[in-house]
Amino acid sequence: MASESSNSTARNTASTGSTSTTKASAGTALTLTVNGVNRTITVANTSMPLLWALRDLLGLTGTKYGCGIEICGACTVLVNNQPEKSCDMDVGSAVGKSIMTIEGLAADVDGQKAQAAWVASQVPQCGYCQSGMLMAAVGAMKAGHHGTSIMSEMSNLCACGTYQRIRKAVSSL
Amino acid sequence: MGAMNNEASEVSVTRRDFLVRAAAGGGLMVGMQLPLARLTGEALAQSVPVQSSVTAWITVGSDDLITVQIPGSEMGQGIMTGLSQIVADELRVDWSRVRARHAPVDAVHGGANASAWGRFTGGSLGIRLFSPGLRQAAANARTLLIQAAANTWSVSPSACSLVVSPTAPFVTSVVSGAKKLSYGALASAAAQLAPGANTPVGQYPAALVGASVPRVDIPDKVTGAAQFGIDVTLPGMVFASVRHAPVVGGTVSAVGTKPAGALALVKVGPVGGPSNGVAVVAATTWDAISAARSVSVNWTTPTSAAANDSVAIAARAAVLMASGTPVVALNNNWVSGLPTPAVSATYALPYLAHATMEPLNCTVRYTPASGATPPLCEVWAPTQGPDATAATAAALCPAGSTVRVVNTLLGSGFGRKYEQDYIREAVQVGLAMPGVPVKLTWSREEDFANDQYRPMALSFIAATAEPAHGRITQWRNRIVTPSIAVQRGASATAVDSSAVDGAANTPYRLSPALIEQVLHDATIPVGYWRSVGMSINTFAVESAMDELALSIGWDPIQFRLANLTDTRMMAVLNALKTLSAWGAPGKGRAQGVAIAAGFGSYMGQVAELSVNATTGAVSVYRVSTVVDCGMVINPDLIRAQIEGAVAQGIATTLYMQQTFVKGVAQATNFNRYRLIRGSEMPVVDVQIIAGQGNPIGGIGEVGIPCVAPAIANAYARLLGASARKRSLPFFPGSTLSDG
């Protein structure tokens with residue numbers, strides 16, 4: 001059983017990393033900081049991947065399920081500004097860290113630049129992998145990469161094959 | 001720039017209505033009012049524009065935004081954009097005023113009202129199928145808007161004309177003398193008018209058709225707002241996943257108890273047949289996937305398991321090649337007693353999974369009958385066949401049920417999402433959970449292991465060419481392959497045109513020629529994979545063409561030109577020589593060429609590559625492409641389709657295959673079913689030979705078939721004929737690790 005038990009919009013609410021605290025039969029309450037907002041969820045098992053907490057419990061469906069084994073990168077989010085594949089990251093280990101998803105990109109300076117570059121280069125086809133692509137690109141930008149060196153940081157898969165346009169888009173970043 | 005309008009429509013149709021009205025077909029219904037609320041916060045905060053359906057396909061808002069109801073499924077190919085361009089030109093509206101959405105799935109927008117093939121998106125047919133009806137609807141809408149203005153002013157429509165404001169917001173208005181009303185101001189009146197005869201189309205010069213306008217679907221695809229099927233979220237929704245029999249054709253014998261945390265166990269499978277899977281319903285998708293893996297199931301293993309083994313399938317193919325009973329697909333002056341062919345070679349291709357980035361999924365909410373209200377089955381699906389989806393649901397639901405289908409965006413399709421298995425399973429689970437919305441998501445492993453694969457094939461070509469004029473003097477091609485059509489009930493003694501596509505209809509002058517097909521009886525399910533038989537047969541034919549050219553010492557392009565008659569195909573090849581700098585590859589590299597004619601289009605590619613002397617790894621640097629797909633709607637959409645097809649084509653050449661051990665699929669994730677990564681992407685040059693006087697050709701699949709033979713031909717040129725790869729993929733054991 002799992003649910004979102006509250007939806008706090010206070011940005012300064014303390015995190016309650018309660019993985020080691022009371023575990024009621026209904027599950028464990030965890031507070032995640034996602035796109036600058038603290039949100040509390042209840043999970044039966046803190047080893048649930050962050051991906052599914054974001055998608056199924058918090059309704060942030062922009063982060064995508066592709067492979068579940070850290071290969072395709074569709075689930076990429078930023079955790080403390082570093083790209084992480086959320087399909088294989090325990091939700092419990094995300095407590096107390098700053099998580100950014102595709103839904104938060106428009107509020108981020110690097111994110112805005114990347115989104116604009118993606119539109120200018122008309123990158124997406126089906127678009128399913130592009131959330132992860134953008135998060136990986138923004139993570140590389142935050143690590144100090146520019147231009148085509150961003151591309152070499154990105155191992156994400158795209159079945160539509162949009163790589164040529166991604167290369168063009170990142171060349172302006 | 002256009003933006004996509006994603007809200008679901010709520011037009012209902014009973015099962016009976018659907019069938020009766022769809023069967024009746026008929027013309028476009030005009031004048032139906034669809035009050036569509038805009039759901040964005042911005043719109044709600046201000047006054048909500050009134051939406052008027054001037055025709056069933058064209059909705060005009062009081063804010064002068066035009067919404068095009070798109071009958072085709074958007075899976076990345078850009079169909080929403082291309083069709084909207086055609087509509088916008090007929091309406092004479094600026095691109096910034098245009099929005100697009102999937103049309104409601106109902107009788108008005110389905111069946112023959114949508115196209116000759118109904119709401120089917122595939123076969124590179126989308127814009128060809130849907131544009132005539134949409135163009136006509138747009139012309140009729142324009143006439144009704146003008147008529148509404150004329151009625152308002154008590155003047156003749158002939159006294160009215162259209163103007164587009166030259167500055168933002170670029171609104172289109174009807175004018176007569178000093179009087180002027182915008183489309184938005186006229187829409188509700190126009191929607192009330194009875195439609196007259198069809199208005200002639202094409203009265204205005206193309207403004208947007210032929211231009212690389214920005215795609216309507218991209219803005220939402222960079223913010224996470226785009227709604228794919230897997231993103232459907234409903235109040236009180238629970239989540240399901242499914243575990244299928246591990247052996248192809250296996251069935252459920254017995255199911256153990258419900259695992260902890262599971263809300264329900266539901267057996268799923270073909271209608272009227274034994275169940276072949278068990279779905280688990282749980283509180284999250286992860287719980288459902290985990291529980292589906294742990295649930296105890298006894299499976300019945302079919303007797304076909306031993307035969308559905310890649311080693312056995314290959315051995316059986318060799319036997320069938322030698323001694324199978326062929327069906328003749330083409331006999332062009334074939335005679336016995338011809339000289340021994342100069343070239344004879346056998347080419348092999350594997351089964352391929354579709355590997356759509358969005359795994360199969362479908363959401364269903366089944367509401368039982370209540371009083372006089374019949375049962376309601378609501379289905380949200382990423383589907384290439386929304387009509388078929390409605391029929392699938394209707395067949396499973398109690399008679400008299402109302403069925404509503406919402407077609408979401410597709411996270412790629414490649415032919416897989418025309419199939420109905422995942423829809424059927426979701427409806428079966430939904431029926432078991434009355435009143436509770438359920439989203440069924442296949443795990444990636446289930447997606448790979450339960451595909452309807454591109455068929456394997458073995459193709460033998462024996463041919464001779466003469467050196468004086470470079471002419472092919474005999475050509476025989478026998479193809480051993482499972483048939484999609486036969487697996488779905490077609491006669492095993494008839495030609496399967498898709499199985500011999502690209503072989504029985506090559507662009508070459510072949511005489512005497514004999515093209516034969518031998519049915520492979522493996523029962524691994526096969527299905528339509530982007531370009532279907534064309535990519536299988538083009539690999540064999542275009543590889544053999546290079547082998548023939550070599551046998552008489554001819555340049556591969558000159559040899560092809562010597563055997564072509566179609567001037568459009570020849571123009572593509574001649575342009576390709578220049579674009580690719582043919583004959584002048586970079587140091588340590590070689591070039592290879594391939595051409596194909598199919599889907600109403602002409603295509604040629606030159607791949608330029610090198611091979612690492614130590615590792616044997618292939619690096620493709622450049623793929624030069626010339627395409628003539630007739631009338632061009634949007635050059636940038638064409639380029640995108642070719643660029644993407646090159647990436648997918650490289651993966652099929654080097655890495656991709658599905659194999660089976662005693663009926664069990666071996667590649668169950670992207671680690672063992674390798675796509676290329678960005679670092680492997682070559683430069684793709686695309687030159688479009690525009691033929692605005694020619695019919696629209698297909699483009700979605702056109703970029704695939706030439707990639708593998710162009711790479712194989714370059715590889716053989718670089719490393720010598722004895723190193724030629726006649727079996728795909730080049731590197732069958734290749735894996736990807738996380739990185």
# chains A, B, ... in the order shown; residues from 1 in each chain; ligands from 1
$ closest_atom_pairs --of "chain A" --to "chain B" --cutoff "8 Å" --atoms "only C-alpha atoms" --output "JSON lines"
{"residue": "A:Met1", "atom": "CA", "partner": "B:Ala283", "partner_atom": "CA", "distance": 5.4}
{"residue": "A:Ala2", "atom": "CA", "partner": "B:Ala283", "partner_atom": "CA", "distance": 6.0}
{"residue": "A:Ser3", "atom": "CA", "partner": "B:Ala283", "partner_atom": "CA", "distance": 7.9}
{"residue": "A:Met48", "atom": "CA", "partner": "B:Trp286", "partner_atom": "CA", "distance": 7.1}
{"residue": "A:Pro49", "atom": "CA", "partner": "B:Trp286", "partner_atom": "CA", "distance": 7.7}
{"residue": "A:Trp52", "atom": "CA", "partner": "B:Trp286", "partner_atom": "CA", "distance": 6.2}
{"residue": "A:Asp56", "atom": "CA", "partner": "B:Thr284", "partner_atom": "CA", "distance": 5.9}
{"residue": "A:Leu57", "atom": "CA", "partner": "B:Thr284", "partner_atom": "CA", "distance": 7.6}
{"residue": "A:Gly59", "atom": "CA", "partner": "B:Thr233", "partner_atom": "CA", "distance": 7.4}
{"residue": "A:Thr61", "atom": "CA", "partner": "B:Asp231", "partner_atom": "CA", "distance": 5.5}
{"residue": "A:Gly62", "atom": "CA", "partner": "B:Gly224", "partner_atom": "CA", "distance": 4.0}
{"residue": "A:Thr63", "atom": "CA", "partner": "B:Gly224", "partner_atom": "CA", "distance": 7.3}
{"residue": "A:Tyr65", "atom": "CA", "partner": "B:Glu358", "partner_atom": "CA", "distance": 7.4}
{"residue": "A:Gly66", "atom": "CA", "partner": "B:Met357", "partner_atom": "CA", "distance": 5.9}
{"residue": "A:Cys67", "atom": "CA", "partner": "B:Arg444", "partner_atom": "CA", "distance": 5.5}
{"residue": "A:Gly68", "atom": "CA", "partner": "B:Arg444", "partner_atom": "CA", "distance": 7.3}
{"residue": "A:Ile69", "atom": "CA", "partner": "B:Asp738", "partner_atom": "CA", "distance": 7.7}
{"residue": "A:Glu70", "atom": "CA", "partner": "B:Asp738", "partner_atom": "CA", "distance": 5.5}
{"residue": "A:Ile71", "atom": "CA", "partner": "B:Asp738", "partner_atom": "CA", "distance": 4.6}
{"residue": "A:Cys72", "atom": "CA", "partner": "B:Phe670", "partner_atom": "CA", "distance": 7.1}
{"residue": "A:Ile102", "atom": "CA", "partner": "B:Gly224", "partner_atom": "CA", "distance": 5.6}
{"residue": "A:Glu103", "atom": "CA", "partner": "B:Gly224", "partner_atom": "CA", "distance": 5.7}
{"residue": "A:Leu105", "atom": "CA", "partner": "B:Thr223", "partner_atom": "CA", "distance": 7.1}
{"residue": "A:Ala106", "atom": "CA", "partner": "B:Thr223", "partner_atom": "CA", "distance": 7.2}
{"residue": "A:Gln115", "atom": "CA", "partner": "B:Val222", "partner_atom": "CA", "distance": 5.8}
{"residue": "A:Trp118", "atom": "CA", "partner": "B:Val222", "partner_atom": "CA", "distance": 7.2}
{"residue": "A:Val119", "atom": "CA", "partner": "B:Ile218", "partner_atom": "CA", "distance": 6.6}
{"residue": "A:Gln122", "atom": "CA", "partner": "B:Pro214", "partner_atom": "CA", "distance": 7.1}
{"residue": "A:Val123", "atom": "CA", "partner": "B:Ile218", "partner_atom": "CA", "distance": 7.9}
{"residue": "A:Pro124", "atom": "CA", "partner": "B:Ile218", "partner_atom": "CA", "distance": 6.3}
{"residue": "A:Gln125", "atom": "CA", "partner": "B:Gly76", "partner_atom": "CA", "distance": 3.9}
{"residue": "A:Cys126", "atom": "CA", "partner": "B:Gly76", "partner_atom": "CA", "distance": 3.4}
{"residue": "A:Gly127", "atom": "CA", "partner": "B:Lys221", "partner_atom": "CA", "distance": 5.5}
{"residue": "A:Tyr128", "atom": "CA", "partner": "B:Gly411", "partner_atom": "CA", "distance": 5.0}
{"residue": "A:Cys129", "atom": "CA", "partner": "B:Met357", "partner_atom": "CA", "distance": 6.8}
{"residue": "A:Gln130", "atom": "CA", "partner": "B:Val222", "partner_atom": "CA", "distance": 6.8}
{"residue": "A:Ser131", "atom": "CA", "partner": "B:Gly224", "partner_atom": "CA", "distance": 6.4}
{"residue": "A:Leu134", "atom": "CA", "partner": "B:Val222", "partner_atom": "CA", "distance": 7.6}
{"residue": "A:Met151", "atom": "CA", "partner": "B:Gly678", "partner_atom": "CA", "distance": 7.2}
{"residue": "A:Ser152", "atom": "CA", "partner": "B:Ser679", "partner_atom": "CA", "distance": 6.8}
{"residue": "A:Met154", "atom": "CA", "partner": "B:Gly678", "partner_atom": "CA", "distance": 7.5}
{"residue": "A:Ser155", "atom": "CA", "partner": "B:Gly739", "partner_atom": "CA", "distance": 6.1}
{"residue": "A:Asn156", "atom": "CA", "partner": "B:Arg677", "partner_atom": "CA", "distance": 6.7}
{"residue": "A:Leu157", "atom": "CA", "partner": "B:Arg677", "partner_atom": "CA", "distance": 5.7}
{"residue": "A:Cys158", "atom": "CA", "partner": "B:Met357", "partner_atom": "CA", "distance": 7.3}
{"residue": "A:Ala159", "atom": "CA", "partner": "B:Met357", "partner_atom": "CA", "distance": 6.2}
{"residue": "A:Cys160", "atom": "CA", "partner": "B:Gly644", "partner_atom": "CA", "distance": 5.2}
{"residue": "A:Gly161", "atom": "CA", "partner": "B:Gly644", "partner_atom": "CA", "distance": 4.0}
{"residue": "A:Thr162", "atom": "CA", "partner": "B:Gly644", "partner_atom": "CA", "distance": 5.7}
{"residue": "A:Tyr163", "atom": "CA", "partner": "B:Gly678", "partner_atom": "CA", "distance": 5.2}
{"residue": "A:Gln164", "atom": "CA", "partner": "B:Met681", "partner_atom": "CA", "distance": 6.7}
{"residue": "A:Arg167", "atom": "CA", "partner": "B:Gly678", "partner_atom": "CA", "distance": 8.0}
$ residues_around --residues "B:Asn713" --least-positions-apart "4" --cutoff "12 Å" --atoms "only C-alpha atoms" --output "PyMOL selection string"
chain B and resi 539-550+555-557+590-595+605-609+653+706-709+717-726
$ write_last_selection --atoms "N, CA and C atoms" --output "short mmCIF file (atom, residue, chain, number, x, y, z; two decimals), in the first residue's frame"
data_model
loop_
_atom_site.label_atom_id
_atom_site.label_comp_id
_atom_site.auth_asym_id
_atom_site.auth_seq_id
_atom_site.Cartn_x
_atom_site.Cartn_y
_atom_site.Cartn_z
N PHE B 539 17.62 -5.53 -47.77
CA PHE B 539 18.95 -5.96 -47.32
C PHE B 539 19.51 -7.01 -48.27
N ALA B 540 18.70 -7.99 -48.62
CA ALA B 540 19.18 -9.06 -49.51
C ALA B 540 19.41 -8.54 -50.93
N VAL B 541 18.44 -7.84 -51.46
CA VAL B 541 18.52 -7.39 -52.86
C VAL B 541 19.68 -6.41 -53.05
N GLU B 542 19.80 -5.45 -52.15
CA GLU B 542 20.83 -4.43 -52.34
C GLU B 542 22.23 -4.94 -52.00
N SER B 543 22.31 -5.93 -51.13
CA SER B 543 23.60 -6.59 -50.92
C SER B 543 24.00 -7.35 -52.17
N ALA B 544 23.04 -8.09 -52.74
CA ALA B 544 23.32 -8.87 -53.95
C ALA B 544 23.68 -7.96 -55.12
N MET B 545 23.07 -6.80 -55.18
CA MET B 545 23.39 -5.86 -56.26
C MET B 545 24.86 -5.47 -56.21
N ASP B 546 25.39 -5.26 -55.03
CA ASP B 546 26.82 -4.94 -54.92
C ASP B 546 27.68 -6.14 -55.27
N GLU B 547 27.24 -7.31 -54.88
CA GLU B 547 28.00 -8.52 -55.21
C GLU B 547 28.02 -8.72 -56.73
N LEU B 548 26.90 -8.42 -57.37
CA LEU B 548 26.84 -8.52 -58.83
C LEU B 548 27.74 -7.48 -59.50
N ALA B 549 27.68 -6.26 -59.00
CA ALA B 549 28.51 -5.19 -59.56
C ALA B 549 29.99 -5.59 -59.49
N LEU B 550 30.37 -6.12 -58.35
CA LEU B 550 31.75 -6.54 -58.16
C LEU B 550 32.12 -7.65 -59.15
N ASP B 555 31.20 -0.08 -61.06
CA ASP B 555 30.93 0.79 -59.91
C ASP B 555 29.49 0.52 -59.44
N PRO B 556 29.26 0.39 -58.12
CA PRO B 556 27.92 0.04 -57.64
C PRO B 556 26.82 1.01 -58.08
N ILE B 557 27.11 2.29 -58.13
CA ILE B 557 26.07 3.24 -58.55
C ILE B 557 25.84 3.14 -60.06
N ALA B 590 35.23 3.54 -46.07
CA ALA B 590 34.64 3.11 -47.34
C ALA B 590 33.19 3.54 -47.38
N GLN B 591 32.68 3.61 -48.61
CA GLN B 591 31.27 3.98 -48.81
C GLN B 591 30.50 2.78 -49.35
N GLY B 592 29.24 2.73 -49.03
CA GLY B 592 28.35 1.73 -49.59
C GLY B 592 27.02 2.37 -49.91
N VAL B 593 26.38 1.88 -50.96
CA VAL B 593 25.14 2.49 -51.42
C VAL B 593 24.01 1.48 -51.37
N ALA B 594 22.79 1.98 -51.22
CA ALA B 594 21.60 1.16 -51.38
C ALA B 594 20.45 2.08 -51.79
N ILE B 595 19.52 1.51 -52.55
CA ILE B 595 18.34 2.28 -52.96
C ILE B 595 17.09 1.43 -52.73
N GLN B 605 20.64 5.82 -50.17
CA GLN B 605 21.54 6.20 -49.08
C GLN B 605 22.95 5.73 -49.37
N VAL B 606 23.91 6.53 -48.95
CA VAL B 606 25.32 6.13 -48.95
C VAL B 606 25.81 6.21 -47.52
N ALA B 607 26.32 5.08 -47.02
CA ALA B 607 26.91 5.05 -45.68
C ALA B 607 28.43 5.09 -45.83
N GLU B 608 29.06 5.87 -44.96
CA GLU B 608 30.52 5.94 -44.96
C GLU B 608 31.01 5.52 -43.58
N LEU B 609 31.89 4.52 -43.55
CA LEU B 609 32.26 3.95 -42.25
C LEU B 609 33.72 3.54 -42.21
N THR B 653 21.27 -3.13 -37.97
CA THR B 653 22.39 -3.68 -38.73
C THR B 653 23.45 -4.28 -37.80
N CYS B 706 17.25 0.96 -46.55
CA CYS B 706 18.56 1.06 -47.20
C CYS B 706 19.72 1.06 -46.22
N VAL B 707 19.47 1.29 -44.96
CA VAL B 707 20.58 1.49 -44.03
C VAL B 707 21.44 0.24 -43.92
N ALA B 708 20.80 -0.91 -43.68
CA ALA B 708 21.58 -2.13 -43.47
C ALA B 708 22.39 -2.51 -44.72
N PRO B 709 21.79 -2.55 -45.91
CA PRO B 709 22.61 -2.91 -47.07
C PRO B 709 23.68 -1.86 -47.39
N ARG B 717 33.33 -3.39 -48.99
CA ARG B 717 34.30 -2.62 -49.78
C ARG B 717 35.57 -2.37 -48.98
N LEU B 718 35.39 -2.12 -47.69
CA LEU B 718 36.54 -1.79 -46.86
C LEU B 718 37.38 -3.02 -46.56
N LEU B 719 36.72 -4.11 -46.23
CA LEU B 719 37.45 -5.29 -45.75
C LEU B 719 37.56 -6.40 -46.79
N GLY B 720 36.95 -6.22 -47.94
CA GLY B 720 37.05 -7.23 -48.98
C GLY B 720 35.81 -8.10 -49.03
N ALA B 721 35.56 -8.64 -50.23
CA ALA B 721 34.33 -9.40 -50.47
C ALA B 721 34.21 -10.59 -49.53
N SER B 722 35.35 -11.17 -49.15
CA SER B 722 35.28 -12.36 -48.30
C SER B 722 34.81 -12.01 -46.88
N ALA B 723 34.90 -10.74 -46.53
CA ALA B 723 34.46 -10.32 -45.19
C ALA B 723 33.01 -9.87 -45.18
N ARG B 724 32.33 -9.94 -46.33
CA ARG B 724 30.96 -9.42 -46.41
C ARG B 724 30.06 -10.05 -45.36
N LYS B 725 29.24 -9.19 -44.75
CA LYS B 725 28.27 -9.66 -43.76
C LYS B 725 26.95 -9.94 -44.48
N ARG B 726 26.56 -11.19 -44.49
CA ARG B 726 25.30 -11.55 -45.12
C ARG B 726 24.24 -11.92 -44.07
#
$ select_by_dssp --residues "stretch 180-327 of chain B" --states "alpha helix (DSSP H)" --output "JSON, numbers by chain"
{"B": [183, 184, 185, 186, 187, 188, 189, 190, 191, 192, 218, 219, 220, 221, 285, 286, 287, 288, 289, 290, 291, 292, 293, 294, 310, 311, 312, 313, 314, 315, 316, 317, 318, 319, 320, 321, 322, 323]}
$ write_last_selection --atoms "N, CA, C and O atoms" --output "compact mmCIF listing (two decimals), in the first residue's frame"
# COMPACT_ATOMS: atom_id res chain seq x y z
N TYR B 183 -12.85 34.95 -37.88
CA TYR B 183 -13.33 33.57 -37.80
C TYR B 183 -13.91 33.27 -36.43
O TYR B 183 -14.96 32.63 -36.30
N GLY B 184 -13.23 33.72 -35.41
CA GLY B 184 -13.69 33.43 -34.04
C GLY B 184 -15.06 34.03 -33.77
O GLY B 184 -15.89 33.42 -33.08
N ALA B 185 -15.31 35.22 -34.33
CA ALA B 185 -16.60 35.87 -34.13
C ALA B 185 -17.71 35.19 -34.93
O ALA B 185 -18.88 35.28 -34.59
N LEU B 186 -17.32 34.49 -36.00
CA LEU B 186 -18.31 33.87 -36.88
C LEU B 186 -18.56 32.41 -36.56
O LEU B 186 -19.49 31.79 -37.09
N ALA B 187 -17.71 31.84 -35.72
CA ALA B 187 -17.68 30.38 -35.58
C ALA B 187 -19.01 29.81 -35.10
O ALA B 187 -19.49 28.82 -35.67
N SER B 188 -19.60 30.41 -34.06
CA SER B 188 -20.81 29.77 -33.52
C SER B 188 -21.93 29.83 -34.54
O SER B 188 -22.73 28.90 -34.66
N ALA B 189 -22.03 30.92 -35.30
CA ALA B 189 -23.06 31.00 -36.35
C ALA B 189 -22.77 30.01 -37.46
O ALA B 189 -23.68 29.34 -37.98
N ALA B 190 -21.50 29.89 -37.84
CA ALA B 190 -21.13 28.97 -38.92
C ALA B 190 -21.47 27.53 -38.54
O ALA B 190 -21.87 26.73 -39.39
N ALA B 191 -21.30 27.22 -37.25
CA ALA B 191 -21.55 25.85 -36.80
C ALA B 191 -23.02 25.48 -36.88
O ALA B 191 -23.37 24.31 -36.84
N GLN B 192 -23.89 26.50 -36.94
CA GLN B 192 -25.33 26.22 -37.01
C GLN B 192 -25.81 26.04 -38.45
O GLN B 192 -26.95 25.62 -38.67
N ILE B 218 5.72 19.72 -29.98
CA ILE B 218 7.01 19.81 -29.28
C ILE B 218 6.96 20.60 -27.97
O ILE B 218 7.57 20.18 -26.98
N PRO B 219 6.25 21.75 -27.90
CA PRO B 219 6.31 22.50 -26.63
C PRO B 219 5.97 21.64 -25.41
O PRO B 219 6.67 21.70 -24.39
N ASP B 220 4.95 20.81 -25.49
CA ASP B 220 4.59 19.98 -24.34
C ASP B 220 5.58 18.84 -24.11
O ASP B 220 5.58 18.23 -23.03
N LYS B 221 6.40 18.53 -25.11
CA LYS B 221 7.32 17.41 -24.97
C LYS B 221 8.65 17.82 -24.34
O LYS B 221 9.52 16.97 -24.14
N THR B 285 2.53 0.94 -9.68
CA THR B 285 3.03 0.11 -10.79
C THR B 285 4.17 -0.78 -10.30
O THR B 285 4.28 -1.94 -10.69
N TRP B 286 5.00 -0.21 -9.43
CA TRP B 286 6.14 -0.98 -8.95
C TRP B 286 5.67 -2.17 -8.11
O TRP B 286 6.16 -3.29 -8.25
N ASP B 287 4.67 -1.93 -7.25
CA ASP B 287 4.11 -3.04 -6.48
C ASP B 287 3.54 -4.09 -7.42
O ASP B 287 3.68 -5.29 -7.18
N ALA B 288 2.89 -3.61 -8.47
CA ALA B 288 2.26 -4.56 -9.40
C ALA B 288 3.30 -5.37 -10.16
O ALA B 288 3.16 -6.59 -10.32
N ILE B 289 4.35 -4.70 -10.63
CA ILE B 289 5.40 -5.41 -11.36
C ILE B 289 6.10 -6.41 -10.43
O ILE B 289 6.34 -7.56 -10.78
N SER B 290 6.38 -5.96 -9.20
CA SER B 290 7.06 -6.84 -8.25
C SER B 290 6.19 -8.04 -7.92
O SER B 290 6.66 -9.19 -7.90
N ALA B 291 4.91 -7.80 -7.69
CA ALA B 291 4.01 -8.90 -7.33
C ALA B 291 3.82 -9.85 -8.51
O ALA B 291 3.73 -11.06 -8.33
N ALA B 292 3.77 -9.29 -9.72
CA ALA B 292 3.60 -10.14 -10.90
C ALA B 292 4.79 -11.07 -11.05
O ALA B 292 4.65 -12.22 -11.48
N ARG B 293 5.97 -10.58 -10.68
CA ARG B 293 7.16 -11.43 -10.77
C ARG B 293 7.12 -12.53 -9.72
O ARG B 293 7.65 -13.62 -9.94
N SER B 294 6.51 -12.24 -8.58
CA SER B 294 6.59 -13.20 -7.46
C SER B 294 5.41 -14.15 -7.42
O SER B 294 5.47 -15.17 -6.73
N SER B 310 15.73 -20.67 -31.72
CA SER B 310 16.44 -20.00 -32.82
C SER B 310 17.32 -20.95 -33.62
O SER B 310 17.42 -20.84 -34.84
N VAL B 311 17.93 -21.90 -32.94
CA VAL B 311 18.77 -22.86 -33.66
C VAL B 311 17.90 -23.74 -34.56
O VAL B 311 18.19 -23.96 -35.74
N ALA B 312 16.78 -24.20 -33.99
CA ALA B 312 15.88 -25.04 -34.76
C ALA B 312 15.22 -24.26 -35.91
O ALA B 312 15.03 -24.79 -37.01
N ILE B 313 14.90 -23.00 -35.64
CA ILE B 313 14.25 -22.18 -36.67
C ILE B 313 15.21 -21.97 -37.84
O ILE B 313 14.81 -22.04 -39.01
N ALA B 314 16.47 -21.72 -37.54
CA ALA B 314 17.46 -21.51 -38.60
C ALA B 314 17.67 -22.81 -39.40
O ALA B 314 17.76 -22.79 -40.64
N ALA B 315 17.73 -23.93 -38.71
CA ALA B 315 17.91 -25.21 -39.39
C ALA B 315 16.71 -25.52 -40.28
O ALA B 315 16.86 -25.96 -41.43
N ARG B 316 15.54 -25.25 -39.75
CA ARG B 316 14.31 -25.48 -40.52
C ARG B 316 14.27 -24.56 -41.75
O ARG B 316 13.85 -24.98 -42.83
N ALA B 317 14.73 -23.33 -41.59
CA ALA B 317 14.76 -22.39 -42.72
C ALA B 317 15.67 -22.92 -43.82
O ALA B 317 15.34 -22.83 -45.02
N ALA B 318 16.81 -23.49 -43.45
CA ALA B 318 17.73 -24.02 -44.45
C ALA B 318 17.10 -25.19 -45.20
O ALA B 318 17.24 -25.32 -46.42
N VAL B 319 16.39 -26.03 -44.46
CA VAL B 319 15.70 -27.16 -45.10
C VAL B 319 14.63 -26.65 -46.07
O VAL B 319 14.51 -27.11 -47.21
N LEU B 320 13.86 -25.67 -45.60
CA LEU B 320 12.78 -25.13 -46.44
C LEU B 320 13.36 -24.43 -47.67
O LEU B 320 12.76 -24.46 -48.75
N MET B 321 14.51 -23.79 -47.52
CA MET B 321 15.15 -23.14 -48.65
C MET B 321 15.47 -24.18 -49.73
O MET B 321 15.27 -23.96 -50.93
N ALA B 322 15.93 -25.34 -49.29
CA ALA B 322 16.36 -26.37 -50.24
C ALA B 322 15.17 -27.15 -50.78
O ALA B 322 15.16 -27.51 -51.97
N SER B 323 14.18 -27.39 -49.95
CA SER B 323 13.17 -28.36 -50.36
C SER B 323 11.74 -27.95 -50.05
O SER B 323 10.82 -28.76 -50.20
$ atom_distance --atom1 "atom CA of B:Pro368" --atom2 "atom CA of B:Pro437"
12.3 Å
$ atom_distance --atom1 "atom CA of B:Asp64" --atom2 "atom CA of B:Ala168"
12.0 Å
$ select_by_dssp --residues "stretch 519-666 of chain B" --states "strand (DSSP E or B)" --output "ChimeraX atom specification"
/B:519,526,564,590-598,601-611,618-628,630,658,660-661,664-665
$ atom_distance --atom1 "atom CA of B:Val201" --atom2 "atom CA of B:Asp94"
17.8 Å
$ residues_around --residues "stretch 58-60 of chain B" --least-positions-apart "5" --cutoff "8 Å" --atoms "only C-alpha atoms" --output "PyMOL selection string"
chain B and resi 51-53+65-69+137-138+141+183-184+187
